[in-house]
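K.L.:
This is the structure I have questions about; it appears just below.
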Amino acid sequence: MMDETLDDETVMDLVEESYQLTAGGILRHGIKEWIIPANPNYFDLDHAFEQRDEIHWKQTAKMMIGDLVYIYYGAPYSQIRYLCRVTAIDIPADIEGKVRIRKMMKIKKLYYYDHDKISRSVLRKFGVVSVRGPRFIPPELAAEIQTLYPDSIHMTKEKIK
């Protein structure tokens, strides 16, 4: 019952958890592949990854250590730009600003996708019409990315270090 006893953020967290537990009718097992958004108006991801290969990032879904994260870099780029691996989760944070952050994760850059090959039009072909929050990547899109960037395949198979 929606009786205002829970704040909106808590409700949305519970909805997201429910979705993740039941996505595709199966319980969560093994490494998952996600798409997450990055807004260049809020954070210069390119600069951050020039400085280091592992950064802290807002965690809003039930990601686990070892999961793969494809980062969709928003307008004016509008493309998947990075492949990362989750190396730490549930890091407490209390950050207020353009984006409210309560917990963070660490992600390690594995691959940089250059040449604008994974644009919004490519994502739309595989049913991804927008990336406003974390979501599982359609397996067909992951396969297409590996076709476009064959040297990235070994990155998805790399063991956690």
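Naming works like this for the structure tokens: A, B, ... for the chains as they're shown, residue 1 at the start of each chain, ligands 1 onward in shown order.
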Apply DSSP to the backbone of this structure and, from range 25-104 of chain A, keep only the residues in helix (DSSP H, G or I); write these as a PyMOL selection string.
P.N.:
chain A and resi 25+45-51
K.L.:
The selected residues should be written to file as a PDB file, in the first residue's frame (atoms: N, CA and C atoms).
P.N.:
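Contents of part23.pdb, as written:
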ATOM      1  N   GLY A  25      12.766 -13.681 -15.266  1.00  0.00           N
ATOM      2  CA  GLY A  25      12.182 -14.820 -14.583  1.00  0.00           C
ATOM      3  C   GLY A  25      13.196 -15.701 -13.869  1.00  0.00           C
ATOM      4  N   LEU A  45      33.953  12.206 -17.141  1.00  0.00           N
ATOM      5  CA  LEU A  45      34.399  10.823 -17.060  1.00  0.00           C
ATOM      6  C   LEU A  45      35.696  10.607 -17.825  1.00  0.00           C
ATOM      7  N   ASP A  46      35.819  11.238 -18.985  1.00  0.00           N
ATOM      8  CA  ASP A  46      37.049  11.092 -19.770  1.00  0.00           C
ATOM      9  C   ASP A  46      38.258  11.554 -18.962  1.00  0.00           C
ATOM     10  N   HIS A  47      38.133  12.695 -18.315  1.00  0.00           N
ATOM     11  CA  HIS A  47      39.243  13.216 -17.509  1.00  0.00           C
ATOM     12  C   HIS A  47      39.534  12.285 -16.334  1.00  0.00           C
ATOM     13  N   ALA A  48      38.494  11.800 -15.680  1.00  0.00           N
ATOM     14  CA  ALA A  48      38.688  10.901 -14.535  1.00  0.00           C
ATOM     15  C   ALA A  48      39.455   9.655 -14.953  1.00  0.00           C
ATOM     16  N   PHE A  49      39.099   9.063 -16.095  1.00  0.00           N
ATOM     17  CA  PHE A  49      39.787   7.860 -16.544  1.00  0.00           C
ATOM     18  C   PHE A  49      41.168   8.154 -17.130  1.00  0.00           C
ATOM     19  N   GLU A  50      41.435   9.384 -17.506  1.00  0.00           N
ATOM     20  CA  GLU A  50      42.802   9.761 -17.892  1.00  0.00           C
ATOM     21  C   GLU A  50      43.713   9.767 -16.666  1.00  0.00           C
ATOM     22  N   GLN A  51      43.144  10.108 -15.497  1.00  0.00           N
ATOM     23  CA  GLN A  51      43.920  10.202 -14.259  1.00  0.00           C
ATOM     24  C   GLN A  51      44.189   8.836 -13.624  1.00  0.00           C
TER      25      GLN A  51
END
K.L.:
DSSP on the backbone, strand (DSSP E) only: what residues of range 27-127 of chain A does that give? Format it as number ranges by chain.
P.N.:
A: 33-38, 54-58, 68-73, 79-95, 101-112
K.L.:
Please list as a PyMOL selection string every residue within 7 Å of Pro92 in chain A, counting only C-alpha atoms and excluding residues in the same chain fewer than 5 positions away.
P.N.:
chain A and resi 102-104
K.L.:
Smallest atom-to-atom distance to Ile101 in chain A: which of A:Lys58, A:Pro150, A:Arg52, A:Asp8, using only C-alpha atoms?
P.N.:
A:Lys58
K.L.:
What is the distance, in Å and to one decimal place, between CA of Pro40 in chain A and CA of Asp94 in chain A?
P.N.:
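Atom-to-atom, CA of Pro40 in chain A to CA of Asp94 in chain A, that is 21.3 Å.
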K.L.:
Can you work out which one of A:Glu96, A:Phe136, A:Asp114, A:Gly127 has the shortest atom-to-atom distance to Lys62 in chain A, counting only C-alpha atoms?
P.N.:
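Checking each of A:Glu96, A:Phe136, A:Asp114, A:Gly127 against Lys62 in chain A, counting only C-alpha atoms, the winner is A:Phe136.
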